[in-house]
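*Asks:* Take this structure first; my questions come after.
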Amino acid sequence: MFAEHGFRGTSVKSIAKIVNIDDSLVYYHFKTKINLWNQAMFLMSEKYHQEASQIIKLNKDLSNINLGKSLTRHMVYFVAENPALYQIIMHEMTQNTDRSDWLAENMLKPFSDRLEKVLEDYSQSGYQLKMPIANYFSLNIGIIWTFFIMDKINKKLYNVDVFQKEEIERHADMVIELIYSSITKSQS
């Protein structure tokens, strides 16, 4: 509901109706709509970070670059599996609200911190990023998410269903190729 109608356009009553419960039960557990929104976003954030941590744990024997590629591929899969999440984030990040501040601090900053750590590891392994971190961070998000955001346009213009498994795989391959072309081995 938040993805489809935005925060303001979503009522607790409409959410309760979808899950077939009385809205008083939602208020009992969450007190306010913002608390419900925060909890929903927190749960999705936790899901992503737990999955990413598991990938790091399972792939600890990979080179830094290949671990980074695995994490990038995971993000593509995660975004494809959770379209409502990035719809909410993309909408909220165009606003100057407590919600956009919450998303920046609780979802995007942890991702950015992890990205900076990965880039630091790359640097220690003799690789260098050919652009500022802010651009790299934005390009990562944009390249990964925009393909899925443009689902309706891609269907109309190119007859491509971005949520088909083959398209998700193709997108992951292209994202990795594009993102990692900006990381080169240092000439020392």
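Ligands are numbered from 1 in the order shown, residues from 1 within each chain, and chains are lettered A, B, ... in the order they appear in the structure tokens.
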Report as a compact mmCIF listing (two decimals) with C-alpha atoms, in the first residue's frame all protein, DNA and RNA residues lying within 7 Å of segment 7-12 of chain A, evaluated on only C-alpha atoms, omitting residues in the same chain fewer than 4 positions from it.

*Replies:*
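The result, stored in selection19.txt:
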# COMPACT_ATOMS: atom_id res chain seq x y z
CA MET A 1 0.00 0.00 0.00
CA PHE A 2 2.81 2.44 0.84
CA ALA A 16 -6.25 -3.39 7.88
CA ASP A 23 -7.84 -1.20 12.15
CA LYS A 33 0.84 4.88 10.90

*Asks:* Using backbone DSSP assignments, extract all helix (DSSP H, G or I) residues from segment 6-181 of chain A; output them as a PyMOL selection string.

*Replies:* chain A and resi 12-18+23-30+33-58+64-81+83-92+98-124+133-149+151-158+165-180

*Asks:* Would you output that residue set with C-alpha atoms, as a compact mmCIF listing (two decimals), in the first residue's frame?

*Replies:*
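Wrote it out as result04.txt, contents follow:
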# COMPACT_ATOMS: atom_id res chain seq x y z
CA VAL A 12 -4.33 2.34 8.40
CA LYS A 13 -7.93 1.42 7.59
CA SER A 14 -6.95 0.40 4.02
CA ILE A 15 -4.03 -1.67 5.31
CA ALA A 16 -6.25 -3.39 7.88
CA LYS A 17 -8.81 -4.14 5.17
CA ILE A 18 -6.18 -5.81 2.97
CA ASP A 23 -7.84 -1.20 12.15
CA SER A 24 -7.98 -0.93 15.94
CA LEU A 25 -5.72 -4.00 16.06
CA VAL A 26 -3.15 -2.22 13.88
CA TYR A 27 -3.29 0.80 16.18
CA TYR A 28 -3.02 -1.44 19.23
CA HIS A 29 0.24 -2.98 17.97
CA PHE A 30 1.81 0.01 16.18
CA LYS A 33 0.84 4.88 10.90
CA ILE A 34 4.43 6.12 11.01
CA ASN A 35 5.34 3.38 13.51
CA LEU A 36 3.81 0.81 11.14
CA TRP A 37 5.77 2.29 8.21
CA ASN A 38 9.01 2.34 10.24
CA GLN A 39 8.56 -1.28 11.28
CA ALA A 40 7.84 -2.40 7.70
CA MET A 41 10.95 -0.59 6.43
CA PHE A 42 13.04 -1.89 9.32
CA LEU A 43 12.03 -5.49 8.60
CA MET A 44 12.94 -5.15 4.92
CA SER A 45 16.24 -3.49 5.79
CA GLU A 46 17.07 -6.25 8.24
CA LYS A 47 16.20 -8.89 5.66
CA TYR A 48 18.57 -7.31 3.13
CA HIS A 49 21.44 -6.86 5.59
CA GLN A 50 21.08 -10.40 6.97
CA GLU A 51 21.16 -11.85 3.45
CA ALA A 52 24.17 -9.69 2.51
CA SER A 53 25.98 -10.76 5.69
CA GLN A 54 25.27 -14.39 4.83
CA ILE A 55 26.75 -13.89 1.35
CA ILE A 56 29.88 -12.39 2.89
CA LYS A 57 30.14 -15.31 5.31
CA LEU A 58 29.59 -17.96 2.63
CA ASN A 64 37.54 -8.88 -2.79
CA ILE A 65 36.39 -8.12 -6.33
CA ASN A 66 34.47 -11.37 -6.69
CA LEU A 67 32.87 -10.92 -3.27
CA GLY A 68 31.80 -7.44 -4.35
CA LYS A 69 30.32 -8.88 -7.54
CA SER A 70 28.40 -11.46 -5.47
CA LEU A 71 26.99 -8.70 -3.27
CA THR A 72 26.03 -6.67 -6.34
CA ARG A 73 24.28 -9.68 -7.88
CA HIS A 74 22.46 -10.24 -4.59
CA MET A 75 21.24 -6.65 -4.57
CA VAL A 76 19.82 -7.10 -8.09
CA TYR A 77 17.98 -10.24 -6.97
CA PHE A 78 16.77 -8.58 -3.78
CA VAL A 79 15.41 -5.55 -5.63
CA ALA A 80 13.68 -7.82 -8.18
CA GLU A 81 12.07 -9.82 -5.36
CA PRO A 83 9.66 -4.13 -5.80
CA ALA A 84 7.60 -2.35 -3.15
CA LEU A 85 10.71 -1.58 -1.11
CA TYR A 86 12.58 0.33 -3.79
CA GLN A 87 9.37 2.04 -4.93
CA ILE A 88 8.96 3.39 -1.41
CA ILE A 89 12.62 4.36 -1.13
CA MET A 90 12.68 6.09 -4.51
CA HIS A 91 9.53 8.05 -3.70
CA GLU A 92 10.56 8.99 -0.19
CA ASP A 98 11.33 12.39 8.66
CA ARG A 99 10.72 9.26 6.57
CA SER A 100 13.41 10.18 4.03
CA ASP A 101 15.77 10.95 6.92
CA TRP A 102 14.92 7.58 8.48
CA LEU A 103 15.58 5.76 5.19
CA ALA A 104 18.87 7.58 4.66
CA GLU A 105 20.07 6.76 8.17
CA ASN A 106 18.70 3.23 8.60
CA MET A 107 18.81 1.75 5.10
CA LEU A 108 21.05 3.72 2.78
CA LYS A 109 23.82 4.62 5.23
CA PRO A 110 24.45 0.99 6.24
CA PHE A 111 24.59 0.09 2.53
CA SER A 112 26.96 3.01 1.90
CA ASP A 113 29.12 2.02 4.88
CA ARG A 114 29.36 -1.54 3.56
CA LEU A 115 30.20 -0.22 0.09
CA GLU A 116 32.94 2.02 1.50
CA LYS A 117 34.40 -0.97 3.39
CA VAL A 118 34.40 -3.03 0.19
CA LEU A 119 36.12 -0.20 -1.71
CA GLU A 120 38.68 0.12 1.08
CA ASP A 121 39.39 -3.61 0.76
CA TYR A 122 39.75 -3.16 -3.00
CA SER A 123 42.26 -0.37 -2.44
CA GLN A 124 44.30 -2.57 -0.11
CA ILE A 133 32.27 7.60 -3.82
CA ALA A 134 29.06 9.68 -3.99
CA ASN A 135 28.82 9.09 -7.74
CA TYR A 136 29.68 5.41 -7.35
CA PHE A 137 27.03 4.95 -4.65
CA SER A 138 24.39 6.74 -6.74
CA LEU A 139 25.30 4.80 -9.88
CA ASN A 140 25.04 1.50 -8.01
CA ILE A 141 21.55 2.33 -6.78
CA GLY A 142 20.44 3.86 -10.07
CA ILE A 143 21.74 1.13 -12.35
CA ILE A 144 20.25 -1.63 -10.24
CA TRP A 145 16.85 -0.08 -9.45
CA THR A 146 15.92 1.87 -12.57
CA PHE A 147 15.55 -1.22 -14.76
CA PHE A 148 12.84 -2.54 -12.41
CA ILE A 149 11.22 0.85 -11.87
CA ASP A 151 8.93 -2.23 -15.86
CA LYS A 152 5.82 -0.82 -17.55
CA ILE A 153 7.87 1.22 -20.03
CA ASN A 154 10.12 -1.74 -20.86
CA LYS A 155 7.03 -3.86 -21.55
CA LYS A 156 5.49 -1.23 -23.81
CA LEU A 157 8.59 -0.19 -25.70
CA TYR A 158 10.62 -3.40 -25.83
CA LYS A 165 14.27 -14.83 -14.43
CA GLU A 166 16.30 -14.49 -17.65
CA GLU A 167 15.92 -10.70 -17.62
CA ILE A 168 16.94 -10.48 -13.97
CA GLU A 169 20.05 -12.59 -14.72
CA ARG A 170 20.89 -10.50 -17.79
CA HIS A 171 20.44 -7.31 -15.79
CA ALA A 172 22.69 -8.62 -12.99
CA ASP A 173 25.41 -9.48 -15.53
CA MET A 174 25.21 -6.04 -17.14
CA VAL A 175 25.15 -4.21 -13.80
CA ILE A 176 28.29 -6.05 -12.69
CA GLU A 177 30.02 -5.30 -16.00
CA LEU A 178 29.13 -1.60 -15.81
CA ILE A 179 29.88 -1.08 -12.13
CA TYR A 180 33.15 -2.99 -12.15

*Asks:* List every residue of chain A that DSSP, applied to the backbone of this structure, assigns to strand (DSSP E or B), and report them as a ChimeraX atom specification.

*Replies:* /A:127-129,183-185

*Asks:* Report, in Å with one decimal, the straight-line distance from atom CA of Leu129 of chain A to atom CA of Ser182 of chain A.

*Replies:*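 Atom-to-atom, atom CA of Leu129 of chain A and atom CA of Ser182 of chain A are spaced 6.0 Å apart.
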
*Asks:* Using atom CA of Lys60 of chain A and atom CA of Ser181 of chain A as the two end points, give the distance in Å to one decimal.

*Replies:*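 So the two atoms, atom CA of Lys60 of chain A and atom CA of Ser181 of chain A, lie 22.6 Å apart.
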
*Asks:* I want to know what sits within 9 Å of Gly126 of chain A, based on only C-alpha atoms, with residues of the same chain fewer than 4 positions away left out; could you give that as a ChimeraX atom specification?

*Replies:* /A:121-122,184-188

*Asks:* Dump all heavy atoms for the selected residues as a short mmCIF file (atom, residue, chain, number, x, y, z; two decimals), in the first residue's frame?

*Replies:*
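And here's again_18.cif as it stands now:
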data_model
loop_
_atom_site.label_atom_id
_atom_site.label_comp_id
_atom_site.auth_asym_id
_atom_site.auth_seq_id
_atom_site.Cartn_x
_atom_site.Cartn_y
_atom_site.Cartn_z
N ASP A 121 38.74 -2.31 0.98
CA ASP A 121 39.39 -3.61 0.76
C ASP A 121 39.96 -3.70 -0.64
O ASP A 121 41.05 -4.25 -0.84
CB ASP A 121 38.39 -4.75 1.00
CG ASP A 121 38.00 -4.90 2.47
OD1 ASP A 121 38.68 -4.33 3.35
OD2 ASP A 121 36.99 -5.59 2.73
N TYR A 122 39.24 -3.18 -1.63
CA TYR A 122 39.75 -3.16 -3.00
C TYR A 122 41.06 -2.39 -3.06
O TYR A 122 42.03 -2.82 -3.68
CB TYR A 122 38.76 -2.50 -3.97
CG TYR A 122 37.49 -3.26 -4.24
CD1 TYR A 122 36.46 -2.65 -4.94
CD2 TYR A 122 37.29 -4.57 -3.80
CE1 TYR A 122 35.28 -3.31 -5.20
CE2 TYR A 122 36.11 -5.23 -4.04
CZ TYR A 122 35.10 -4.60 -4.75
OH TYR A 122 33.93 -5.26 -5.00
N THR A 184 39.71 -0.33 -11.39
CA THR A 184 40.84 -0.84 -12.15
C THR A 184 42.00 -1.20 -11.22
O THR A 184 42.09 -0.70 -10.10
CB THR A 184 41.35 0.21 -13.16
OG1 THR A 184 41.71 1.40 -12.45
CG2 THR A 184 40.28 0.53 -14.20
N LYS A 185 42.85 -2.08 -11.72
CA LYS A 185 44.04 -2.46 -10.98
C LYS A 185 45.02 -1.29 -11.03
O LYS A 185 45.23 -0.69 -12.07
CB LYS A 185 44.68 -3.71 -11.62
CG LYS A 185 45.76 -4.34 -10.82
CD LYS A 185 45.19 -5.11 -9.65
CE LYS A 185 46.29 -5.95 -9.02
NZ LYS A 185 45.95 -6.44 -7.71
N SER A 186 45.57 -0.92 -9.88
CA SER A 186 46.50 0.19 -9.80
C SER A 186 47.77 -0.14 -10.57
O SER A 186 48.21 -1.29 -10.60
CB SER A 186 46.88 0.48 -8.35
OG SER A 186 45.72 0.84 -7.61
N GLN A 187 48.35 0.86 -11.21
CA GLN A 187 49.61 0.71 -11.95
C GLN A 187 50.76 1.09 -11.02
O GLN A 187 51.24 2.19 -11.03
CB GLN A 187 49.60 1.63 -13.17
CG GLN A 187 48.44 1.42 -14.12
CD GLN A 187 48.49 0.09 -14.82
OE1 GLN A 187 49.56 -0.44 -15.09
NE2 GLN A 187 47.32 -0.47 -15.11
N SER A 188 51.20 0.16 -10.18
CA SER A 188 52.30 0.51 -9.29
C SER A 188 53.55 -0.25 -9.58
O SER A 188 53.71 -1.09 -10.28
CB SER A 188 51.94 0.31 -7.82
OG SER A 188 50.93 -0.59 -7.55
#

*Asks:* Using Å and a single decimal, report how far atom CA of Lys31 of chain A sits from atom CA of Asn82 of chain A.

*Replies:*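 The value is 25.7 Å.
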